[in-house]
>>> print(open('structure-v4.tsv').read())   # TSV, C-alpha atoms (C1' of nucleotides)
chain	number	residue	atom	x	y	z
A	1	MET	CA	-18.16	-0.94	5.83
A	2	ILE	CA	-16.12	1.89	7.22
A	3	LEU	CA	-17.59	5.34	6.98
A	4	LEU	CA	-15.25	8.08	5.93
A	5	SER	CA	-15.98	11.66	5.02
A	6	GLU	CA	-15.48	12.64	1.42
A	7	ARG	CA	-12.52	14.70	2.48
A	8	SER	CA	-10.82	11.83	4.31
A	9	LYS	CA	-11.36	9.63	1.30
A	10	LYS	CA	-9.75	12.15	-0.99
A	11	VAL	CA	-6.78	12.53	1.31
A	12	LEU	CA	-6.35	8.78	1.60
A	13	LYS	CA	-6.65	8.36	-2.13
A	14	THR	CA	-4.05	11.02	-2.80
A	15	ILE	CA	-1.65	9.47	-0.32
A	16	VAL	CA	-2.05	5.95	-1.69
A	17	LYS	CA	-1.64	7.10	-5.28
A	18	ASP	CA	1.42	9.14	-4.49
A	19	TYR	CA	2.90	6.34	-2.47
A	20	ILE	CA	2.36	3.91	-5.33
A	21	ASP	CA	4.17	6.32	-7.65
A	22	THR	CA	7.11	7.17	-5.45
A	23	GLY	CA	7.44	4.55	-2.73
A	24	GLU	CA	8.24	7.37	-0.33
A	25	PRO	CA	6.20	8.43	2.69
A	26	VAL	CA	3.80	11.20	1.75
A	27	GLY	CA	3.72	14.46	3.68
A	28	SER	CA	0.87	16.85	4.28
A	29	ARG	CA	2.31	19.45	1.95
A	30	THR	CA	2.34	17.02	-0.96
A	31	VAL	CA	-1.24	16.03	-0.28
A	32	ALA	CA	-2.29	19.67	-0.10
A	33	LYS	CA	-0.70	20.32	-3.47
A	34	LYS	CA	-1.76	17.15	-5.28
A	35	SER	CA	-5.34	16.80	-4.15
A	36	ASP	CA	-8.02	19.06	-5.51
A	37	LEU	CA	-9.10	19.94	-2.00
A	38	ASN	CA	-8.07	23.53	-1.44
A	39	LEU	CA	-6.76	23.08	2.04
A	40	SER	CA	-3.58	23.99	3.85
A	41	PRO	CA	-1.06	21.37	4.95
A	42	ALA	CA	-1.99	21.97	8.59
A	43	THR	CA	-5.57	21.01	7.88
A	44	ILE	CA	-4.48	17.97	5.94
A	45	ARG	CA	-2.37	17.01	8.93
A	46	ASN	CA	-5.44	16.84	11.10
A	47	VAL	CA	-7.16	14.57	8.61
A	48	MET	CA	-4.06	12.45	8.33
A	49	ALA	CA	-3.87	12.13	12.09
A	50	ASP	CA	-7.47	10.89	12.09
A	51	LEU	CA	-6.72	8.41	9.33
A	52	GLU	CA	-3.74	7.16	11.27
A	53	GLU	CA	-5.85	6.71	14.35
A	54	MET	CA	-8.28	4.63	12.30
A	55	GLY	CA	-5.43	2.48	11.08
A	56	PHE	CA	-5.31	3.50	7.44
A	57	LEU	CA	-1.92	5.17	7.64
A	58	PHE	CA	1.22	4.92	9.65
A	59	GLN	CA	4.36	6.93	10.19
A	60	PRO	CA	7.77	5.31	9.82
A	61	HIS	CA	9.14	7.96	12.18
A	62	THR	CA	8.12	11.31	13.59
A	63	SER	CA	9.60	13.47	10.93
A	64	ALA	CA	8.44	11.44	8.00
A	65	GLY	CA	5.28	11.54	5.98
A	66	ARG	CA	2.65	8.81	6.08
A	67	VAL	CA	2.58	5.44	4.40
A	68	PRO	CA	-0.69	3.59	3.78
A	69	THR	CA	-1.18	0.45	5.87
A	70	GLU	CA	-2.64	-2.75	4.51
A	71	LYS	CA	-5.98	-1.55	5.74
A	72	GLY	CA	-5.40	1.67	3.81
A	73	PHE	CA	-4.64	-0.22	0.63
A	74	ARG	CA	-7.61	-2.49	1.18
A	75	PHE	CA	-9.94	0.46	1.46
A	76	PHE	CA	-8.30	2.06	-1.54
A	77	VAL	CA	-8.84	-0.89	-3.86
A	78	ASP	CA	-12.29	-1.65	-2.52
A	79	ALA	CA	-13.75	1.81	-2.56
A	80	LEU	CA	-11.53	4.38	-4.18
A	81	LEU	CA	-9.80	2.73	-7.09
A	82	GLU	CA	-10.65	3.79	-10.61
A	83	LEU	CA	-9.79	1.05	-13.06
A	84	LYS	CA	-8.14	1.94	-16.29
A	85	GLU	CA	-9.57	-0.09	-19.16
A	86	LEU	CA	-7.05	-1.78	-21.41
A	87	SER	CA	-6.78	-0.11	-24.77
A	88	LEU	CA	-7.81	-1.96	-27.90
A	89	LEU	CA	-4.17	-2.13	-28.86
A	90	GLU	CA	-3.16	-3.74	-25.58
A	91	ARG	CA	-5.95	-6.28	-25.89
A	92	GLU	CA	-4.80	-7.17	-29.37
A	93	GLU	CA	-1.25	-7.42	-28.15
A	94	ILE	CA	-2.21	-9.83	-25.41
A	95	ARG	CA	-4.31	-11.87	-27.80
A	96	SER	CA	-1.49	-12.13	-30.31
A	97	ASN	CA	0.69	-13.77	-27.67
A	98	TYR	CA	-1.50	-16.85	-27.89
A	99	GLN	CA	-1.01	-17.39	-31.58
A	100	GLY	CA	-0.22	-20.95	-32.51
A	101	CYS	CA	-0.24	-22.73	-29.18
A	102	LYS	CA	-3.85	-23.65	-28.78
A	103	ALA	CA	-3.36	-27.40	-29.00
A	104	ASP	CA	-0.81	-27.73	-26.25
A	105	ILE	CA	-2.07	-26.94	-22.80
A	106	SER	CA	1.28	-26.62	-21.10
A	107	GLU	CA	2.40	-24.18	-23.75
A	108	LEU	CA	-0.87	-22.30	-23.26
A	109	MET	CA	-0.21	-22.07	-19.53
A	110	ARG	CA	3.37	-20.97	-20.04
A	111	ARG	CA	2.35	-18.23	-22.41
A	112	THR	CA	-0.41	-17.05	-20.12
A	113	CYS	CA	2.12	-16.77	-17.37
A	114	LYS	CA	4.50	-14.79	-19.58
A	115	ILE	CA	1.71	-12.45	-20.58
A	116	LEU	CA	0.82	-11.77	-16.96
A	117	SER	CA	4.38	-11.07	-16.07
A	118	ALA	CA	5.15	-8.95	-19.13
A	119	PHE	CA	2.05	-6.79	-19.00
A	120	SER	CA	2.09	-6.22	-15.28
A	121	HIS	CA	5.88	-5.95	-14.90
A	122	TYR	CA	5.56	-8.16	-11.85
A	123	THR	CA	5.51	-11.92	-11.32
A	124	GLY	CA	2.91	-13.98	-13.15
A	125	ILE	CA	1.47	-17.21	-11.77
A	126	VAL	CA	-0.87	-19.70	-13.37
A	127	MET	CA	-2.35	-22.83	-11.90
A	128	PRO	CA	-3.37	-25.17	-14.74
A	129	PRO	CA	-6.58	-27.17	-14.82
A	130	PRO	CA	-6.39	-30.27	-12.65
A	131	LEU	CA	-5.19	-33.31	-14.51
A	132	GLN	CA	-8.23	-35.16	-13.24
A	133	GLU	CA	-10.43	-33.26	-15.64
A	134	THR	CA	-8.43	-33.97	-18.76
A	135	ILE	CA	-9.51	-36.61	-21.19
A	136	PHE	CA	-7.42	-39.64	-21.99
A	137	LYS	CA	-6.27	-39.76	-25.57
A	138	HIS	CA	-3.22	-41.91	-25.75
A	139	ILE	CA	-0.53	-43.57	-23.69
A	140	GLU	CA	2.81	-45.00	-24.69
A	141	PHE	CA	5.33	-47.07	-22.72
A	142	ILE	CA	9.03	-47.23	-23.40
A	143	ARG	CA	11.42	-49.53	-21.61
A	144	ILE	CA	14.36	-47.57	-20.28
A	145	ARG	CA	16.15	-50.29	-18.38
A	146	ARG	CA	15.30	-53.25	-16.25
A	147	ASN	CA	12.30	-52.47	-14.07
A	148	GLN	CA	12.07	-48.89	-15.32
A	149	ILE	CA	9.55	-47.74	-17.84
A	150	LEU	CA	8.89	-44.33	-19.28
A	151	ALA	CA	5.19	-43.58	-19.60
A	152	ILE	CA	4.12	-40.86	-22.00
A	153	PHE	CA	0.58	-39.72	-21.56
A	154	VAL	CA	-1.22	-37.53	-24.05
A	155	ALA	CA	-4.49	-35.85	-23.15
A	156	SER	CA	-7.01	-34.74	-25.71
A	157	SER	CA	-6.15	-31.22	-24.67
A	158	GLY	CA	-2.70	-31.68	-26.05
A	159	LEU	CA	-1.19	-32.00	-22.63
A	160	VAL	CA	1.75	-34.36	-22.66
A	161	GLN	CA	3.12	-35.79	-19.48
A	162	ASN	CA	6.10	-38.03	-18.95
A	163	ARG	CA	6.65	-40.17	-15.95
A	164	VAL	CA	9.10	-42.88	-15.04
A	165	VAL	CA	7.38	-45.91	-13.55
A	166	GLU	CA	9.10	-48.63	-11.53
A	167	MET	CA	7.90	-52.19	-12.00
A	168	GLU	CA	8.93	-55.17	-9.93
A	169	GLU	CA	8.85	-57.43	-12.89
A	170	ASP	CA	10.71	-56.81	-16.07
A	171	LEU	CA	8.70	-56.30	-19.24
A	172	SER	CA	10.10	-56.44	-22.74
A	173	GLN	CA	9.38	-53.67	-25.21
A	174	ASP	CA	7.34	-56.15	-27.14
A	175	GLU	CA	5.15	-56.79	-24.13
A	176	LEU	CA	4.94	-53.09	-23.48
A	177	ASP	CA	3.57	-52.49	-26.98
A	178	LYS	CA	0.80	-54.95	-26.24
A	179	VAL	CA	0.14	-53.21	-22.96
A	180	THR	CA	0.00	-49.90	-24.82
A	181	ASN	CA	-2.59	-51.16	-27.26
A	182	TYR	CA	-4.67	-52.72	-24.56
A	183	LEU	CA	-4.77	-49.63	-22.39
A	184	ASN	CA	-5.46	-47.32	-25.27
A	185	ASP	CA	-8.43	-49.43	-26.29
A	186	LEU	CA	-9.65	-49.51	-22.74
A	187	LEU	CA	-9.27	-45.90	-21.74
A	188	THR	CA	-9.53	-43.60	-24.74
A	189	GLY	CA	-12.12	-40.91	-24.26
A	190	LEU	CA	-12.36	-41.26	-20.49
A	191	PRO	CA	-11.70	-38.32	-18.19
A	192	LEU	CA	-8.75	-39.08	-15.99
A	193	ARG	CA	-10.80	-39.08	-12.83
A	194	GLU	CA	-12.73	-42.12	-14.16
A	195	VAL	CA	-9.62	-43.95	-15.21
A	196	ARG	CA	-8.94	-45.24	-11.73
A	197	GLU	CA	-12.36	-46.84	-11.42
A	198	ARG	CA	-12.12	-48.37	-14.82
A	199	ILE	CA	-8.75	-49.90	-14.06
A	200	VAL	CA	-9.89	-51.31	-10.73
A	201	GLU	CA	-12.98	-52.74	-12.31
A	202	GLU	CA	-10.99	-54.25	-15.14
A	203	MET	CA	-8.46	-55.74	-12.76
A	204	ARG	CA	-11.21	-57.59	-10.97
A	205	ARG	CA	-12.45	-59.03	-14.22
A	206	GLU	CA	-8.98	-59.98	-15.49
A	207	LYS	CA	-8.23	-61.77	-12.29
A	208	MET	CA	-10.89	-64.20	-13.29
A	209	ALA	CA	-9.23	-64.67	-16.64
A	210	TYR	CA	-5.78	-65.24	-15.19
A	211	ASP	CA	-4.12	-63.23	-17.87
A	212	ASP	CA	-0.83	-62.25	-16.42
A	213	LEU	CA	0.16	-59.66	-18.98
A	214	LEU	CA	-3.12	-57.83	-18.75
A	215	GLN	CA	-2.81	-57.77	-14.99
A	216	LYS	CA	0.54	-56.14	-15.39
A	217	ALA	CA	-0.82	-53.74	-17.95
A	218	LEU	CA	-3.44	-52.56	-15.53
A	219	GLN	CA	-0.91	-52.23	-12.77
A	220	LEU	CA	1.29	-50.17	-15.02
A	221	GLY	CA	-1.59	-48.03	-16.19
A	222	GLY	CA	-2.54	-47.40	-12.62
A	223	LYS	CA	0.93	-46.28	-11.70
A	224	ALA	CA	1.26	-44.06	-14.71
A	225	LEU	CA	-2.12	-42.40	-14.64
A	226	VAL	CA	-3.59	-42.45	-11.18
A	227	THR	CA	-1.90	-39.70	-9.30
A	228	GLU	CA	-2.44	-38.03	-6.02
A	229	GLN	CA	-3.89	-34.59	-6.54
A	230	GLU	CA	-0.66	-32.83	-7.29
A	231	ARG	CA	-1.00	-29.50	-8.95
A	232	ASP	CA	1.62	-27.83	-10.92
A	233	LEU	CA	2.20	-24.12	-10.92
A	234	TYR	CA	3.68	-21.88	-13.55
A	235	ILE	CA	5.66	-18.88	-12.39
A	236	GLU	CA	7.25	-16.30	-14.60
A	237	GLY	CA	9.08	-13.03	-14.08
A	238	GLN	CA	10.27	-13.50	-10.50
A	239	VAL	CA	13.12	-11.19	-11.33
A	240	ASN	CA	10.76	-8.26	-11.90
A	241	ILE	CA	10.19	-8.04	-8.18
A	242	LEU	CA	13.86	-7.33	-7.64
A	243	ASP	CA	13.43	-3.90	-9.17
A	244	GLU	CA	11.22	-2.87	-6.29
A	245	PRO	CA	13.08	-1.00	-3.55
A	246	GLU	CA	11.07	-2.83	-0.88
A	247	PHE	CA	12.97	-5.99	-1.63
A	248	ALA	CA	16.45	-4.56	-1.50
A	249	ASP	CA	16.92	-6.46	1.75
A	250	ILE	CA	18.71	-9.70	0.94
A	251	GLU	CA	16.92	-11.77	3.59
A	252	GLN	CA	13.53	-10.60	2.37
A	253	MET	CA	14.45	-11.50	-1.14
A	254	LYS	CA	15.75	-14.94	-0.23
A	255	GLY	CA	12.52	-15.78	1.53
A	256	LEU	CA	10.52	-14.62	-1.41
A	257	PHE	CA	12.45	-16.71	-3.88
A	258	LYS	CA	12.23	-19.72	-1.64
A	259	ALA	CA	8.47	-19.33	-1.62
A	260	PHE	CA	8.50	-19.21	-5.40
A	261	GLU	CA	10.61	-22.30	-5.50
A	262	GLU	CA	8.57	-24.53	-3.22
A	263	LYS	CA	5.30	-23.97	-4.87
A	264	SER	CA	3.20	-25.96	-2.46
A	265	LEU	CA	2.44	-22.98	-0.22
A	266	LEU	CA	1.36	-20.91	-3.18
A	267	VAL	CA	-0.75	-23.74	-4.50
A	268	LYS	CA	-2.55	-23.91	-1.17
A	269	LEU	CA	-3.11	-20.20	-1.21
A	270	LEU	CA	-4.41	-20.25	-4.76
A	271	ASP	CA	-6.69	-23.16	-3.97
A	272	ARG	CA	-8.26	-20.99	-1.31
A	273	SER	CA	-8.84	-18.22	-3.81
A	274	MET	CA	-10.51	-20.67	-6.20
A	275	LYS	CA	-13.65	-20.48	-4.12
A	276	ALA	CA	-14.63	-17.05	-5.31
A	277	GLU	CA	-15.40	-15.93	-8.79
A	278	GLY	CA	-13.65	-13.14	-10.61
A	279	VAL	CA	-10.80	-10.89	-9.60
A	280	GLN	CA	-9.62	-11.09	-6.02
A	281	ILE	CA	-6.95	-9.17	-4.20
A	282	LEU	CA	-5.04	-10.44	-1.20
A	283	PHE	CA	-2.67	-8.22	0.71
A	284	GLY	CA	0.48	-9.35	2.49
A	285	SER	CA	-0.72	-10.75	5.77
A	286	GLU	CA	-4.01	-11.93	4.30
A	287	CYS	CA	-1.94	-14.43	2.32
A	288	GLU	CA	-0.75	-16.02	5.56
A	289	ILE	CA	2.66	-16.70	4.10
A	290	THR	CA	5.43	-14.82	5.85
A	291	ALA	CA	7.73	-14.79	2.89
A	292	ILE	CA	5.31	-12.81	0.79
A	293	GLU	CA	3.92	-10.58	3.47
A	294	ARG	CA	5.20	-7.50	1.70
A	295	CYS	CA	3.52	-8.60	-1.49
A	296	SER	CA	0.03	-8.57	-2.70
A	297	LEU	CA	-1.65	-11.07	-4.91
A	298	ILE	CA	-4.19	-10.32	-7.61
A	299	THR	CA	-5.95	-13.40	-8.91
A	300	SER	CA	-8.78	-14.42	-11.12
A	301	THR	CA	-10.33	-17.79	-11.75
A	302	TYR	CA	-10.76	-18.95	-15.31
A	303	GLY	CA	-13.25	-21.33	-16.82
A	304	GLN	CA	-17.01	-21.13	-16.59
A	305	PRO	CA	-18.67	-20.03	-13.36
A	306	GLY	CA	-19.44	-23.09	-11.29
A	307	ARG	CA	-16.83	-25.11	-13.14
A	308	PHE	CA	-13.60	-23.22	-12.70
A	309	LEU	CA	-10.64	-24.82	-14.37
A	310	GLY	CA	-7.90	-23.01	-12.59
A	311	ILE	CA	-6.62	-19.72	-11.34
A	312	LEU	CA	-4.09	-17.19	-12.53
A	313	GLY	CA	-2.70	-13.96	-11.23
A	314	VAL	CA	0.09	-11.59	-10.45
A	315	ILE	CA	2.30	-11.27	-7.38
A	316	GLY	CA	3.81	-7.87	-6.84
A	317	PRO	CA	4.69	-5.46	-4.10
A	318	VAL	CA	1.81	-4.17	-2.00
A	319	ARG	CA	2.67	-0.89	-3.62
A	320	MET	CA	1.40	-2.04	-6.98
A	321	ASN	CA	-0.22	-0.24	-9.85
A	322	TYR	CA	-3.63	-1.74	-9.22
A	323	SER	CA	-5.53	0.29	-11.76
A	324	ARG	CA	-3.43	-1.30	-14.44
A	325	VAL	CA	-2.76	-4.80	-13.12
A	326	ILE	CA	-6.36	-5.64	-12.24
A	327	PRO	CA	-7.60	-5.15	-15.82
A	328	VAL	CA	-4.64	-7.17	-17.14
A	329	VAL	CA	-5.47	-10.10	-14.85
A	330	ASP	CA	-9.17	-9.83	-15.60
A	331	PHE	CA	-8.77	-9.69	-19.34
A	332	THR	CA	-6.22	-12.50	-19.47
A	333	ALA	CA	-8.48	-14.76	-17.42
A	334	LYS	CA	-11.41	-14.12	-19.72
A	335	LEU	CA	-9.33	-14.63	-22.82
A	336	LEU	CA	-7.93	-17.90	-21.50
A	337	THR	CA	-11.44	-19.04	-20.65
A	338	ASP	CA	-12.52	-18.36	-24.24
A	339	ILE	CA	-9.56	-20.22	-25.67
A	340	LEU	CA	-10.13	-23.22	-23.41
A	341	GLU	CA	-13.86	-23.27	-24.09
A	342	SER	CA	-13.42	-23.23	-27.85
A	343	GLU	CA	-10.39	-25.50	-28.21
A	344	TRP	CA	-9.96	-27.55	-25.16
A	345	SER	CA	-13.29	-28.89	-24.08
A	346	SER	CA	-14.32	-29.90	-27.58
A	347	PRO	CA	-14.09	-33.68	-27.80
A	348	LEU	CA	-10.78	-34.61	-29.39
B	349	DT	C1'	31.56	9.99	15.62
B	350	DC	C1'	29.39	14.31	15.81
B	351	DC	C1'	27.23	18.24	13.80
B	352	DT	C1'	24.28	20.63	10.57
B	353	DC	C1'	20.56	20.69	7.31
B	354	DT	C1'	16.11	19.50	5.93
B	355	DA	C1'	11.54	17.58	6.00
B	356	DT	C1'	7.78	16.80	8.60
B	357	DT	C1'	5.10	16.73	12.54
B	358	DG	C1'	1.84	18.21	16.55
B	359	DT	C1'	0.10	22.02	18.94
B	360	DC	C1'	-1.55	26.49	19.84
B	361	DA	C1'	-3.53	31.04	19.28
B	362	DT	C1'	-6.12	33.36	15.94
B	363	DG	C1'	-9.68	34.46	12.72
B	364	DC	C1'	-13.95	33.46	10.24
B	365	DG	C1'	-18.78	32.13	9.45
B	366	DG	C1'	-23.15	30.12	10.89
B	367	DG	C1'	-26.66	29.10	14.40
B	368	DG	C1'	-29.06	30.13	18.55
C	369	DC	C1'	-24.15	39.21	20.63
C	370	DC	C1'	-21.98	34.95	21.94
C	371	DC	C1'	-20.54	30.28	21.15
C	372	DC	C1'	-18.79	26.59	18.51
C	373	DG	C1'	-16.42	24.23	14.98
C	374	DC	C1'	-13.15	24.48	11.66
C	375	DA	C1'	-9.19	26.18	8.85
C	376	DT	C1'	-4.95	28.40	9.12
C	377	DG	C1'	-0.15	30.17	9.95
C	378	DA	C1'	3.51	30.12	13.24
C	379	DC	C1'	6.64	27.61	15.84
C	380	DA	C1'	9.29	24.27	18.39
C	381	DA	C1'	10.47	19.37	18.43
C	382	DT	C1'	12.20	15.42	16.21
C	383	DA	C1'	14.76	12.22	13.36
C	384	DG	C1'	17.02	10.86	9.12
C	385	DA	C1'	20.67	12.18	5.66
C	386	DG	C1'	24.91	13.61	4.61
C	387	DG	C1'	29.28	15.88	5.27
C	388	DA	C1'	33.53	16.97	8.15
>>> encode(input="structure-v4.tsv", output="structure tokens")
Amino acid sequence: MILLSERSKKVLKTIVKDYIDTGEPVGSRTVAKKSDLNLSPATIRNVMADLEEMGFLFQPHTSAGRVPTEKGFRFFVDALLELKELSLLEREEIRSNYQGCKADISELMRRTCKILSAFSHYTGIVMPPPLQETIFKHIEFIRIRRNQILAIFVASSGLVQNRVVEMEEDLSQDELDKVTNYLNDLLTGLPLREVRERIVEEMRREKMAYDDLLQKALQLGGKALVTEQERDLYIEGQVNILDEPEFADIEQMKGLFKAFEEKSLLVKLLDRSMKAEGVQILFGSECEITAIERCSLITSTYGQPGRFLGILGVIGPVRMNYSRVIPVVDFTAKLLTDILESEWSSPL
DNA sequence: TCCTCTATTGTCATGCGGGG
DNA sequence: CCCCGCATGACAATAGAGGA
């Protein structure tokens, strides 16, 4: 923990706040006026020089004011930030956004993402619960053309997933209906992570019975349901970031949008944040992704402690209104947890 | 391209108050 | 009474912005 005098803290706080408001470097005169310290600009300058030496501030050029560094922001959010509680009205407003989508998990995720983006005015991201944890409810196969079958999987959560499966051998729709019935009998009620074992086990047994169709059914089920751990990511409100002057540079912006597009990097980053409970803040370079190094990421896990289902958050400029966005992320995560606990985990 | 204007800085001499 | 630390106002230096 870094030790700073009360005065230095106040100066730093004033600078960070002002910088968040204006986006402009902050000069000693401004600090002298805006802080409740009754000191002259020359005195503030000395403090600012100290803070710069310690790495909390930096100067874009000699005749400019100071801008907080990442370290400055980090100290600000860790030690100086006063959170502004969401008003009752805002809470109600957020809650009302969930009306009527509780059965469908992808809709739930999409709305959560929209809420995050709308209430923060930045970019919302939500990583849904891993498919592995969902419970098998129903599967349906439809023949599209020779060797190609559309698999429609419905989880008890309401999640629906479509996938096109290639089969070496052709199956008629009639056969597929039998396959459908067989698999539904076999798998209903199982969490997806147990489906693989069940299929393997069943294949071994069916081999003994030499039932060709059932063999194929199991093969098909395996292809449709057993997936590598791919995780989807919902992103909403990318455009909001364009309003920020920091991203006026075209190259910067391109990189940022590319990062939004290939989600795998973000997924990795979010996975890392899954380890800790509650609200977390990562600044630019801490994210270890060059494209978003001018951004910061506020996340929170959702689900019960010890059994997190996923993670959600907001990406915005480092110069972000933390006192507002942190409560939005926190509240949304808790609300989503409640919704999932009451609707989603209940059997069928 | 160059010049002027403006904002901000660092530094320095000065003054003030407390402790020895 | 002197010394020390600290706050302050004055001032020159510097660099970006904007106009000719």
>>> residues_around(input="structure-v4.tsv", residues="DT382 in chain C", least_positions_apart="4", cutoff="12 Å", atoms="only C-alpha atoms (C1' of nucleotides)", output="list in words")
His61, Thr62, Ser63 and Ala64 of chain A; DT354, DA355, DT356, DT357 and DG358 of chain B
>>> atom_distance(input="structure-v4.tsv", atom1="CA of Leu256 in chain A", atom2="CA of Gln238 in chain A")
9.2 Å
>>> interface_residues(input="structure-v4.tsv", of="chain C", to="chain A", cutoff="10 Å", atoms="only C-alpha atoms (C1' of nucleotides)", output="short mmCIF file (atom, residue, chain, number, x, y, z; two decimals) with C-alpha atoms (C1' of nucleotides), in the coordinates of the input")
data_model
loop_
_atom_site.label_atom_id
_atom_site.label_comp_id
_atom_site.auth_asym_id
_atom_site.auth_seq_id
_atom_site.Cartn_x
_atom_site.Cartn_y
_atom_site.Cartn_z
"C1'" DC C 374 -13.15 24.48 11.66
"C1'" DA C 375 -9.19 26.18 8.85
"C1'" DT C 376 -4.95 28.40 9.12
"C1'" DG C 377 -0.15 30.17 9.95
"C1'" DA C 381 10.47 19.37 18.43
"C1'" DT C 382 12.20 15.42 16.21
"C1'" DA C 383 14.76 12.22 13.36
"C1'" DG C 384 17.02 10.86 9.12
#
>>> residues_around(input="structure-v4.tsv", residues="range 165-180 of chain A", least_positions_apart="5", cutoff="6 Å", atoms="all atoms listed in the file", output="PyMOL selection string")
chain A and resi 140+143+146-149+217
>>> residues_around(input="structure-v4.tsv", residues="Leu266 in chain A", least_positions_apart="6", cutoff="12 Å", atoms="only C-alpha atoms (C1' of nucleotides)", output="JSON list (two decimals) with C-alpha atoms, keeping the file's coordinate frame")
[["chain", "number", "residue", "atom", "x", "y", "z"],
["A", 125, "ILE", "CA", 1.47, -17.21, -11.77],
["A", 126, "VAL", "CA", -0.87, -19.70, -13.37],
["A", 127, "MET", "CA", -2.35, -22.83, -11.90],
["A", 231, "ARG", "CA", -1.00, -29.50, -8.95],
["A", 232, "ASP", "CA", 1.62, -27.83, -10.92],
["A", 233, "LEU", "CA", 2.20, -24.12, -10.92],
["A", 234, "TYR", "CA", 3.68, -21.88, -13.55],
["A", 235, "ILE", "CA", 5.66, -18.88, -12.39],
["A", 256, "LEU", "CA", 10.52, -14.62, -1.41],
["A", 257, "PHE", "CA", 12.45, -16.71, -3.88],
["A", 258, "LYS", "CA", 12.23, -19.72, -1.64],
["A", 259, "ALA", "CA", 8.47, -19.33, -1.62],
["A", 260, "PHE", "CA", 8.50, -19.21, -5.40],
["A", 272, "ARG", "CA", -8.26, -20.99, -1.31],
["A", 273, "SER", "CA", -8.84, -18.22, -3.81],
["A", 287, "CYS", "CA", -1.94, -14.43, 2.32],
["A", 288, "GLU", "CA", -0.75, -16.02, 5.56],
["A", 289, "ILE", "CA", 2.66, -16.70, 4.10],
["A", 290, "THR", "CA", 5.43, -14.82, 5.85],
["A", 291, "ALA", "CA", 7.73, -14.79, 2.89],
["A", 292, "ILE", "CA", 5.31, -12.81, 0.79],
["A", 297, "LEU", "CA", -1.65, -11.07, -4.91],
["A", 299, "THR", "CA", -5.95, -13.40, -8.91],
["A", 311, "ILE", "CA", -6.62, -19.72, -11.34],
["A", 312, "LEU", "CA", -4.09, -17.19, -12.53],
["A", 313, "GLY", "CA", -2.70, -13.96, -11.23],
["A", 314, "VAL", "CA", 0.09, -11.59, -10.45],
["A", 315, "ILE", "CA", 2.30, -11.27, -7.38]]
>>> atom_distance(input="structure-v4.tsv", atom1="CA of Pro60 in chain A", atom2="CA of Gly316 in chain A")
21.6 Å
>>> residues_around(input="structure-v4.tsv", residues="Leu336 in chain A", least_positions_apart="5", cutoff="12 Å", atoms="only C-alpha atoms (C1' of nucleotides)", output="MDAnalysis selection string")
chainID A and resid 94:95 97:98 101:102 105 108:113 115:116 126 128:129 300:304 308:312 329:331 341:344
>>> atom_distance(input="structure-v4.tsv", atom1="CA of Asp243 in chain A", atom2="CA of Pro327 in chain A")
22.1 Å
>>> residues_around(input="structure-v4.tsv", residues="Gly237 in chain A", least_positions_apart="5", cutoff="8 Å", atoms="all atoms listed in the file", output="list in words")
Lys114, Ser117, Ala118, His121, Tyr122, Thr123 and Gly124 of chain A
>>> closest_residue(input="structure-v4.tsv", among="A:Leu81, A:Glu70, A:Thr30, A:Ser285", to="chain B", atoms="only C-alpha atoms (C1' of nucleotides)")
A:Thr30
>>> axis_aligned_box(input="structure-v4.tsv", around="range 351-368 of chain B", padding_each_side="6 Å", output="JSON")
{"center_x": -0.9, "center_y": 25.6, "center_z": 12.9, "size_x": 68.3, "size_y": 29.7, "size_z": 25.9}
>>> build_atoms(input="structure-v4.tsv", residues="range 107-115 of chain A", atoms="N, CA and C atoms", output="mmCIF file, keeping the file's coordinate frame")
data_model
loop_
_atom_site.group_PDB
_atom_site.id
_atom_site.type_symbol
_atom_site.label_atom_id
_atom_site.label_comp_id
_atom_site.auth_asym_id
_atom_site.auth_seq_id
_atom_site.Cartn_x
_atom_site.Cartn_y
_atom_site.Cartn_z
ATOM 1 N N GLU A 107 1.921 -25.375 -23.057
ATOM 2 C CA GLU A 107 2.400 -24.180 -23.750
ATOM 3 C C GLU A 107 1.439 -23.006 -23.504
ATOM 4 N N LEU A 108 0.168 -23.323 -23.517
ATOM 5 C CA LEU A 108 -0.870 -22.300 -23.260
ATOM 6 C C LEU A 108 -0.679 -21.680 -21.871
ATOM 7 N N MET A 109 -0.408 -22.543 -20.899
ATOM 8 C CA MET A 109 -0.210 -22.070 -19.530
ATOM 9 C C MET A 109 1.048 -21.211 -19.440
ATOM 10 N N ARG A 110 2.104 -21.691 -20.093
ATOM 11 C CA ARG A 110 3.370 -20.970 -20.040
ATOM 12 C C ARG A 110 3.213 -19.581 -20.648
ATOM 13 N N ARG A 111 2.522 -19.531 -21.756
ATOM 14 C CA ARG A 111 2.350 -18.230 -22.410
ATOM 15 C C ARG A 111 1.483 -17.295 -21.578
ATOM 16 N N THR A 112 0.451 -17.864 -20.988
ATOM 17 C CA THR A 112 -0.410 -17.050 -20.120
ATOM 18 C C THR A 112 0.418 -16.415 -19.020
ATOM 19 N N CYS A 113 1.283 -17.233 -18.454
ATOM 20 C CA CYS A 113 2.120 -16.770 -17.370
ATOM 21 C C CYS A 113 3.053 -15.653 -17.834
ATOM 22 N N LYS A 114 3.614 -15.821 -19.011
ATOM 23 C CA LYS A 114 4.500 -14.790 -19.580
ATOM 24 C C LYS A 114 3.740 -13.497 -19.823
ATOM 25 N N ILE A 115 2.534 -13.641 -20.320
ATOM 26 C CA ILE A 115 1.710 -12.450 -20.580
ATOM 27 C C ILE A 115 1.492 -11.685 -19.283
#
